[in-house]
file target25.cif (mmCIF, C-alpha atoms)
data_model
#
loop_
_atom_site.label_atom_id
_atom_site.label_comp_id
_atom_site.auth_asym_id
_atom_site.auth_seq_id
_atom_site.Cartn_x
_atom_site.Cartn_y
_atom_site.Cartn_z
CA MET Y 119 18.67 13.14 18.22
CA GLN Y 120 19.72 15.32 15.34
CA GLU Y 121 17.37 18.27 15.35
CA PHE Y 122 16.32 20.21 12.28
CA LYS Y 123 18.13 23.55 12.07
CA VAL Y 124 17.47 26.58 9.93
CA ASN Y 125 19.68 29.68 9.84
CA ARG Y 126 18.74 32.76 7.88
CA ILE Y 127 21.28 35.12 6.34
CA ASP Y 128 20.08 38.28 4.57
CA LYS Y 129 22.37 39.72 1.87
CA ASP Y 130 21.02 42.80 0.09
CA ASP Y 131 17.66 41.70 -1.26
CA LEU Y 132 18.54 37.99 -1.14
CA SER Y 133 17.97 35.67 1.78
CA ILE Y 134 19.81 32.42 2.32
CA LEU Y 135 18.29 29.69 4.46
CA LYS Y 136 20.86 27.15 5.59
CA ILE Y 137 19.06 24.01 6.63
CA GLY Y 138 20.45 20.99 8.47
CA GLY Y 139 19.45 17.77 10.18
CA PHE Y 140 16.27 15.86 9.35
CA LEU Y 141 13.41 17.35 7.36
CA ASP Y 142 10.37 15.12 7.88
CA ALA Y 143 6.69 15.47 8.85
CA HIS Y 144 7.75 16.43 12.36
CA THR Y 145 10.23 19.18 11.43
CA ALA Y 146 8.63 20.47 8.19
CA PRO Y 147 6.55 23.07 10.12
CA ASN Y 148 9.85 24.71 11.21
CA LEU Y 149 10.90 25.23 7.60
CA GLU Y 150 7.40 26.39 6.74
CA LYS Y 151 7.65 29.01 9.47
CA ALA Y 152 11.07 30.20 8.27
CA ILE Y 153 9.83 30.67 4.69
CA GLN Y 154 6.60 32.26 5.89
CA ASN Y 155 8.70 34.80 7.85
CA LEU Y 156 10.60 35.70 4.65
CA VAL Y 157 7.33 36.11 2.74
CA ASP Y 158 5.92 38.25 5.57
CA ASP Y 159 9.04 40.43 5.36
CA GLY Y 160 8.56 40.78 1.61
CA ARG Y 161 11.80 38.90 0.90
CA TYR Y 162 11.03 36.70 -2.09
CA LYS Y 163 14.53 36.04 -3.47
CA ILE Y 164 15.54 32.97 -1.57
CA ILE Y 165 18.41 30.49 -1.68
CA VAL Y 166 18.05 27.32 0.35
CA SER Y 167 21.38 25.66 1.13
CA PHE Y 168 21.03 21.95 1.89
CA ALA Y 169 24.66 21.41 2.93
CA ASP Y 170 23.91 20.09 6.41
CA LEU Y 171 20.63 18.35 5.58
CA SER Y 172 20.93 14.59 5.94
CA TYR Y 173 17.35 13.54 5.25
CA ILE Y 174 14.21 14.76 3.47
CA SER Y 175 10.76 13.18 3.07
CA SER Y 176 7.76 14.30 1.02
CA ALA Y 177 6.60 16.44 3.96
CA GLY Y 178 9.74 18.56 3.47
CA LEU Y 179 9.34 18.72 -0.30
CA GLY Y 180 5.74 19.77 0.20
CA VAL Y 181 6.86 22.94 2.00
CA PHE Y 182 8.62 24.22 -1.13
CA MET Y 183 5.65 23.27 -3.28
CA GLY Y 184 3.38 25.20 -0.93
CA PHE Y 185 5.26 28.49 -1.36
CA ILE Y 186 6.79 28.48 -4.83
CA GLU Y 187 3.80 29.81 -6.74
CA GLN Y 188 3.26 32.71 -4.37
CA ILE Y 189 6.97 33.58 -4.28
CA ARG Y 190 7.35 33.53 -8.07
CA SER Y 191 4.23 35.65 -8.48
CA HIS Y 192 6.12 38.34 -6.52
CA GLY Y 193 9.11 38.12 -8.88
CA GLY Y 194 11.09 35.94 -6.53
CA ASP Y 195 12.25 32.36 -6.52
CA ILE Y 196 13.50 29.55 -4.29
CA LYS Y 197 16.86 28.46 -5.66
CA MET Y 198 18.52 25.47 -4.09
CA SER Y 199 22.14 24.50 -3.52
CA ASN Y 200 24.64 22.19 -1.82
CA MET Y 201 22.54 19.01 -1.90
CA THR Y 202 24.20 15.74 -1.01
CA PRO Y 203 23.68 13.00 -3.62
CA LYS Y 204 21.18 11.31 -1.27
CA ILE Y 205 19.00 14.41 -1.01
CA TYR Y 206 19.31 15.14 -4.74
CA ARG Y 207 18.10 11.63 -5.57
CA VAL Y 208 14.80 12.26 -3.76
CA PHE Y 209 14.32 15.52 -5.69
CA ASP Y 210 15.24 13.77 -8.92
CA LEU Y 211 12.84 10.88 -8.28
CA LEU Y 212 9.96 13.33 -8.17
CA GLY Y 213 11.08 15.38 -11.15
CA PHE Y 214 11.78 18.46 -9.05
CA PRO Y 215 14.91 19.48 -10.99
CA THR Y 216 12.59 20.61 -13.81
CA LEU Y 217 10.73 22.83 -11.37
CA TYR Y 218 13.56 24.35 -9.38
CA ASP Y 219 17.01 25.76 -10.10
CA ILE Y 220 19.42 23.51 -8.22
CA PHE Y 221 23.10 24.51 -7.96
CA ASP Y 222 26.27 22.92 -6.62
CA ASP Y 223 26.90 25.79 -4.24
CA GLU Y 224 25.37 28.98 -2.89
CA ALA Y 225 27.69 31.22 -4.90
CA GLU Y 226 26.33 29.79 -8.16
CA ALA Y 227 22.76 30.35 -7.01
CA TYR Y 228 23.72 33.88 -5.98
CA ASP Y 229 25.33 34.54 -9.39
CA LYS Y 230 22.22 33.26 -11.11
CA TYR Y 231 20.12 35.94 -9.43
CA TRP Y 232 22.64 38.54 -10.74
CA SER Y 233 23.08 37.18 -14.25
CA THR Y 234 19.39 36.94 -14.96
CA GLY Y 235 18.81 40.41 -13.57
CA GLU Y 236 16.59 38.91 -10.96
CA LYS Y 237 18.65 40.60 -8.31
CA GLU Y 238 18.39 44.37 -7.98
CA ALA Y 239 21.59 46.28 -7.25
CA MET L 672 23.82 -10.44 2.71
CA LYS L 673 24.53 -12.29 5.91
CA SER L 674 21.30 -13.37 7.54
CA LYS L 675 18.87 -15.17 5.35
CA SER L 676 17.11 -17.37 7.86
CA LYS L 677 13.60 -16.24 8.77
CA GLN L 678 13.68 -13.40 11.24
CA GLU L 679 11.18 -10.99 12.69
CA TYR L 680 11.72 -7.59 14.32
CA LYS L 681 8.92 -5.66 16.00
CA LEU L 682 8.44 -2.13 17.24
CA ARG L 683 5.34 -0.75 18.97
CA ILE L 684 5.51 3.00 19.27
CA PRO L 685 3.16 5.94 19.97
CA SER L 686 1.67 7.27 16.75
CA GLN L 687 3.38 10.69 16.78
CA THR L 688 5.51 12.47 14.20
CA ASP L 689 8.31 13.05 16.73
CA ASN L 690 8.87 9.28 16.62
CA LEU L 691 9.57 9.22 12.86
CA GLU L 692 13.31 9.59 13.42
CA LEU L 693 13.27 6.61 15.79
CA ILE L 694 11.22 4.55 13.33
CA ARG L 695 13.66 5.31 10.49
CA GLY L 696 16.55 4.39 12.76
CA PHE L 697 14.96 1.04 13.63
CA ILE L 698 14.11 0.13 10.04
CA GLY L 699 17.41 1.44 8.69
CA LYS L 700 19.51 -0.52 11.17
CA VAL L 701 17.73 -3.78 10.39
CA ALA L 702 17.99 -3.17 6.62
CA GLU L 703 21.71 -2.44 7.04
CA LYS L 704 22.18 -5.57 9.16
CA VAL L 705 20.78 -7.83 6.47
CA GLY L 706 23.11 -6.35 3.90
CA PHE L 707 21.33 -3.66 1.94
CA ASN L 708 23.73 -1.00 0.71
CA GLU L 709 23.52 2.63 1.84
CA ASP L 710 21.42 3.68 -1.14
CA GLU L 711 18.89 0.87 -0.63
CA VAL L 712 18.75 1.50 3.13
CA GLY L 713 17.92 5.14 2.38
CA LYS L 714 15.11 4.11 0.03
CA ILE L 715 13.61 1.69 2.56
CA GLU L 716 13.80 4.30 5.34
CA LEU L 717 12.09 6.90 3.18
CA ALA L 718 9.31 4.55 2.01
CA CYS L 719 8.58 3.50 5.61
CA ASP L 720 8.66 7.09 6.82
CA GLU L 721 6.04 7.93 4.18
CA ALA L 722 3.85 4.97 5.21
CA CYS L 723 4.06 5.86 8.91
CA THR L 724 3.53 9.57 8.24
CA ASN L 725 0.33 8.71 6.36
CA VAL L 726 -0.86 6.59 9.26
CA ILE L 727 0.03 9.19 11.88
CA LYS L 728 -1.58 12.02 9.89
CA HIS L 729 -4.67 10.27 8.57
CA ALA L 730 -5.55 7.08 10.42
CA TYR L 731 -5.96 8.65 13.79
CA THR L 732 -7.64 11.88 14.75
CA ASP L 733 -5.60 14.51 16.57
CA LYS L 734 -7.01 13.37 19.90
CA ASP L 735 -5.63 9.88 19.43
CA THR L 736 -1.96 10.71 19.92
CA ASN L 737 -1.60 7.96 22.51
CA LYS L 738 -2.52 5.31 19.93
CA ALA L 739 0.12 2.82 18.96
CA LEU L 740 1.72 2.14 15.64
CA ASP L 741 2.99 -1.41 15.12
CA ILE L 742 5.91 -1.99 12.81
CA VAL L 743 6.97 -5.52 11.95
CA ILE L 744 9.93 -6.37 9.74
CA LYS L 745 9.97 -9.88 8.33
CA ILE L 746 13.03 -11.26 6.65
CA ASP L 747 13.38 -14.42 4.64
CA TYR L 748 15.90 -15.55 2.04
CA GLN L 749 14.08 -13.71 -0.68
CA LYS L 750 12.74 -10.47 0.69
CA PHE L 751 12.59 -7.74 3.31
CA THR L 752 8.98 -7.01 4.30
CA VAL L 753 7.79 -4.12 6.44
CA ILE L 754 4.25 -4.20 7.80
CA VAL L 755 2.84 -1.05 9.38
CA THR L 756 -0.38 -1.57 11.33
CA ASP L 757 -2.65 0.92 13.03
CA HIS L 758 -6.06 0.56 14.58
CA GLY L 759 -7.46 3.85 13.36
CA ARG L 760 -10.19 4.94 11.02
CA GLY L 761 -8.86 3.42 7.86
CA PHE L 762 -9.42 4.54 4.31
CA ASP L 763 -10.43 3.09 0.99
CA PRO L 764 -7.24 2.26 -0.90
CA LYS L 765 -9.21 2.38 -4.15
CA SER L 766 -9.74 6.07 -3.49
CA ILE L 767 -6.00 6.64 -3.67
CA LYS L 768 -5.06 7.23 -7.24
CA MET L 769 -1.50 6.99 -8.38
CA PRO L 770 -0.82 10.65 -9.07
CA ASP L 771 0.13 11.59 -12.59
CA LEU L 772 3.51 13.15 -11.93
CA ASN L 773 3.41 15.58 -14.84
CA GLU L 774 -0.04 16.73 -13.87
CA TYR L 775 1.12 17.03 -10.29
CA LEU L 776 4.13 19.11 -11.20
CA ALA L 777 2.10 21.27 -13.52
CA GLU L 778 -0.42 22.04 -10.85
CA LEU L 779 2.13 22.45 -8.06
CA LYS L 780 -0.10 20.58 -5.70
CA VAL L 781 1.01 19.93 -2.15
CA GLY L 782 0.86 16.45 -0.72
CA GLY L 783 0.08 13.07 -2.27
CA LEU L 784 3.75 12.44 -2.99
CA GLY L 785 4.14 9.96 -0.15
CA ILE L 786 2.27 7.14 -1.84
CA TYR L 787 4.03 7.79 -5.12
CA LEU L 788 7.38 7.53 -3.31
CA MET L 789 6.41 4.32 -1.49
CA ARG L 790 5.45 2.63 -4.75
CA THR L 791 8.56 3.89 -6.51
CA LEU L 792 11.05 3.02 -3.77
CA MET L 793 9.73 -0.43 -2.84
CA ASP L 794 9.11 -3.47 -5.06
CA LYS L 795 5.58 -4.07 -3.81
CA VAL L 796 3.06 -2.11 -1.72
CA ASP L 797 -0.21 -3.70 -0.54
CA TYR L 798 -3.00 -2.47 1.71
CA ASN L 799 -5.17 -4.54 3.98
CA ILE L 800 -7.86 -2.26 5.32
CA GLN L 801 -10.48 -3.32 7.84
CA PRO L 802 -11.97 -0.04 9.09
CA GLY L 803 -12.25 0.08 12.86
CA VAL L 804 -10.38 -3.19 13.21
CA ARG L 805 -6.99 -2.68 11.71
CA ASN L 806 -5.32 -1.10 8.73
CA GLN L 807 -2.13 -2.46 7.29
CA VAL L 808 0.36 -1.32 4.74
CA LYS L 809 2.77 -4.00 3.59
CA MET L 810 5.91 -3.06 1.69
CA VAL L 811 8.34 -5.50 0.13
CA LYS L 812 11.92 -5.12 -1.08
CA TYR L 813 13.48 -8.16 -2.72
CA PHE L 814 17.09 -9.13 -2.22
CA ILE L 815 18.57 -9.20 -5.68
CA ASN L 816 22.16 -10.23 -6.13
CA LYS L 817 24.20 -13.25 -7.09
CA GLU L 818 24.68 -14.34 -3.50
CA ASN L 819 20.93 -14.29 -3.01
CA ALA L 820 20.38 -16.31 -6.16
CA ASP L 821 22.76 -18.91 -4.72
CA LEU L 822 20.92 -18.87 -1.41
CA VAL L 823 17.59 -19.28 -3.15
CA LYS L 824 19.07 -22.25 -4.97
CA SER L 825 20.48 -23.81 -1.77
CA GLU L 826 17.18 -23.27 0.01
CA LYS L 827 15.39 -25.18 -2.72
CA GLU L 828 17.83 -28.05 -2.41
CA VAL L 829 17.16 -28.48 1.32
#

call {"tool": "encode", "arguments": {"input": "target25.cif", "output": "structure tokens"}}
result
Amino acid sequence: MQEFKVNRIDKDDLSILKIGGFLDAHTAPNLEKAIQNLVDDGRYKIIVSFADLSYISSAGLGVFMGFIEQIRSHGGDIKMSNMTPKIYRVFDLLGFPTLYDIFDDEAEAYDKYWSTGEKEA
Amino acid sequence: MKSKSKQEYKLRIPSQTDNLELIRGFIGKVAEKVGFNEDEVGKIELACDEACTNVIKHAYTDKDTNKALDIVIKIDYQKFTVIVTDHGRGFDPKSIKMPDLNEYLAELKVGGLGIYLMRTLMDKVDYNIQPGVRNQVKMVKYFINKENADLVKSEKEV
């Protein structure tokens, strides 16, 4: 069994969540908890790296939908990176690329926070 | 596409979300065996996950975690059919509207994407709801390639 994993790395005022394994209706509450912890800590500038994620269903997508409005209202965002083509296709199918900034790698997502002045020095 | 004779695969499993991975594995392996490519296998797995998730989350109440979910895969020369059956409360399929994606995205609503995905990923999705008796979701994916066309032809000649 390939468990769902989430590792959090805090850099300045940004937080990176590296997720891996399967994200389905069974594991989605784990991601929900990880994002809720960031919100509780007042950390709204988030990058989610999908590098090690091999599967996502609508239950996983729903987690991002559930938080994005609240996070953006606090001047933050959930930027996404490192999706495999398989994961990206699911996002694309649902039109999510128009809703979220999706980057090839974390560094690009990080730079985006800088370049748009979204990140405070 | 190797096996085109009529075949049936069955799985009866407790209706719990921690079995979704096992369910995807079962469906994915059979889809792979009959020759679907990686991309198609992924689509079939996702559609079936969504169907089973709906059943697990909605058909049974929380107390009914020992209830069974029946999954039957039927294969013939033309199509790959997955039938998910539960014996839970059931619902009125007419009450499920196809969500307007733009409206959905605009409103940032949570949920409701599962049925949209099922209908997008599979060629056909039908419901057979008999509340209190059984509720079924039937999903079909057609085999479409030259080899299949030849098989269809040869089957007709028999």

call {"tool": "closest_residue", "arguments": {"input": "target25.cif", "among": "Y:Asn125, Y:Ser233, Y:Ser167, Y:Thr216", "to": "chain L", "atoms": "all atoms listed in the file"}}
result
Y:Thr216

call {"tool": "resolve_selection", "arguments": {"input": "target25.cif", "expression": "the PyMOL selection byres ((chain Y and resi 205-208) around 10)", "output": "ChimeraX atom specification"}}
result
/Y:168-169,171-176,179,199-204,209-215,220 /L:710,713-714,717,788,792

call {"tool": "closest_residue", "arguments": {"input": "target25.cif", "among": "L:Leu682, L:Leu693, L:Val705, L:Ala718", "to": "Ile742 of chain L", "atoms": "all atoms listed in the file"}}
result
L:Leu682

call {"tool": "atom_distance", "arguments": {"input": "target25.cif", "atom1": "atom CA of Ile815 of chain L", "atom2": "atom CA of Arg695 of chain L"}}
result
22.3 Å

call {"tool": "resolve_selection", "arguments": {"input": "target25.cif", "expression": "the PyMOL selection byres ((chain Y) within 6 of (chain L))", "output": "JSON, numbers by chain"}}
result
{"Y": [144, 176, 180, 183, 184]}

call {"tool": "axis_aligned_box", "arguments": {"input": "target25.cif", "around": "segment 784-797 of chain L", "padding_each_side": "6 Å", "output": "JSON"}}
result
{"center_x": 5.4, "center_y": 4.2, "center_z": -3.3, "size_x": 23.3, "size_y": 28.5, "size_z": 18.4}

call {"tool": "atom_distance", "arguments": {"input": "target25.cif", "atom1": "atom CA of Asp794 of chain L", "atom2": "atom CA of Phe182 of chain Y"}}
result
28.0 Å

call {"tool": "closest_residue", "arguments": {"input": "target25.cif", "among": "L:Val811, L:Ile715, L:Ile694, L:Met789", "to": "Phe751 of chain L", "atoms": "all atoms listed in the file"}}
result
L:Val811

call {"tool": "residues_around", "arguments": {"input": "target25.cif", "residues": "Tyr162 of chain Y", "least_positions_apart": "3", "cutoff": "9 Å", "atoms": "all atoms listed in the file", "output": "PyMOL selection string"}}
result
chain Y and resi 131-133+156-157+159+189-190+192-196

call {"tool": "build_atoms", "arguments": {"input": "target25.cif", "residues": "segment 147-169 of chain Y", "atoms": "N, CA, C and O atoms", "output": "CSV table (one decimal), in the frame of the given file"}}
result
chain,number,residue,atom,x,y,z
Y,147,PRO,N,7.2,21.8,9.7
Y,147,PRO,CA,6.6,23.1,10.1
Y,147,PRO,C,7.6,24.1,10.5
Y,147,PRO,O,7.3,25.3,10.3
Y,148,ASN,N,8.8,23.7,10.9
Y,148,ASN,CA,9.8,24.7,11.2
Y,148,ASN,C,10.3,25.4,9.9
Y,148,ASN,O,10.6,26.6,9.9
Y,149,LEU,N,10.5,24.6,8.9
Y,149,LEU,CA,10.9,25.2,7.6
Y,149,LEU,C,9.8,26.1,7.1
Y,149,LEU,O,10.0,27.2,6.5
Y,150,GLU,N,8.6,25.6,7.2
Y,150,GLU,CA,7.4,26.4,6.7
Y,150,GLU,C,7.4,27.8,7.4
Y,150,GLU,O,7.1,28.8,6.8
Y,151,LYS,N,7.6,27.8,8.7
Y,151,LYS,CA,7.6,29.0,9.5
Y,151,LYS,C,8.8,30.0,9.0
Y,151,LYS,O,8.5,31.2,8.8
Y,152,ALA,N,9.9,29.4,8.7
Y,152,ALA,CA,11.1,30.2,8.3
Y,152,ALA,C,10.8,30.9,6.9
Y,152,ALA,O,11.1,32.0,6.7
Y,153,ILE,N,10.2,30.1,6.0
Y,153,ILE,CA,9.8,30.7,4.7
Y,153,ILE,C,8.7,31.7,4.8
Y,153,ILE,O,8.7,32.7,4.2
Y,154,GLN,N,7.7,31.3,5.7
Y,154,GLN,CA,6.6,32.3,5.9
Y,154,GLN,C,7.1,33.6,6.4
Y,154,GLN,O,6.6,34.7,6.0
Y,155,ASN,N,8.1,33.6,7.3
Y,155,ASN,CA,8.7,34.8,7.8
Y,155,ASN,C,9.3,35.6,6.7
Y,155,ASN,O,9.2,36.9,6.7
Y,156,LEU,N,10.0,35.0,5.8
Y,156,LEU,CA,10.6,35.7,4.6
Y,156,LEU,C,9.5,36.4,3.8
Y,156,LEU,O,9.6,37.5,3.4
Y,157,VAL,N,8.5,35.6,3.5
Y,157,VAL,CA,7.3,36.1,2.7
Y,157,VAL,C,6.7,37.3,3.5
Y,157,VAL,O,6.4,38.3,2.9
Y,158,ASP,N,6.5,37.2,4.8
Y,158,ASP,CA,5.9,38.2,5.6
Y,158,ASP,C,6.8,39.5,5.5
Y,158,ASP,O,6.3,40.6,5.6
Y,159,ASP,N,8.1,39.3,5.4
Y,159,ASP,CA,9.0,40.4,5.4
Y,159,ASP,C,9.2,41.0,3.9
Y,159,ASP,O,10.0,41.9,3.7
Y,160,GLY,N,8.5,40.4,3.0
Y,160,GLY,CA,8.6,40.8,1.6
Y,160,GLY,C,9.9,40.4,0.9
Y,160,GLY,O,10.3,41.0,0.0
Y,161,ARG,N,10.5,39.3,1.5
Y,161,ARG,CA,11.8,38.9,0.9
Y,161,ARG,C,11.5,37.6,0.1
Y,161,ARG,O,11.4,36.5,0.6
Y,162,TYR,N,11.4,37.8,-1.2
Y,162,TYR,CA,11.0,36.7,-2.1
Y,162,TYR,C,12.2,36.0,-2.8
Y,162,TYR,O,12.0,35.1,-3.5
Y,163,LYS,N,13.4,36.6,-2.7
Y,163,LYS,CA,14.5,36.0,-3.5
Y,163,LYS,C,15.3,35.2,-2.5
Y,163,LYS,O,16.1,35.7,-1.7
Y,164,ILE,N,15.1,33.9,-2.6
Y,164,ILE,CA,15.5,33.0,-1.6
Y,164,ILE,C,16.5,31.9,-2.1
Y,164,ILE,O,16.3,31.4,-3.2
Y,165,ILE,N,17.5,31.6,-1.4
Y,165,ILE,CA,18.4,30.5,-1.7
Y,165,ILE,C,18.3,29.5,-0.5
Y,165,ILE,O,18.5,30.0,0.7
Y,166,VAL,N,18.0,28.3,-0.7
Y,166,VAL,CA,18.0,27.3,0.4
Y,166,VAL,C,19.3,26.4,0.2
Y,166,VAL,O,19.5,25.8,-0.9
Y,167,SER,N,20.2,26.5,1.2
Y,167,SER,CA,21.4,25.7,1.1
Y,167,SER,C,21.1,24.4,2.0
Y,167,SER,O,20.8,24.4,3.1
Y,168,PHE,N,21.3,23.3,1.3
Y,168,PHE,CA,21.0,22.0,1.9
Y,168,PHE,C,22.3,21.3,2.5
Y,168,PHE,O,22.2,20.1,2.8
Y,169,ALA,N,23.4,22.0,2.6
Y,169,ALA,CA,24.7,21.4,2.9
Y,169,ALA,C,24.6,20.5,4.1
Y,169,ALA,O,25.2,19.4,4.1
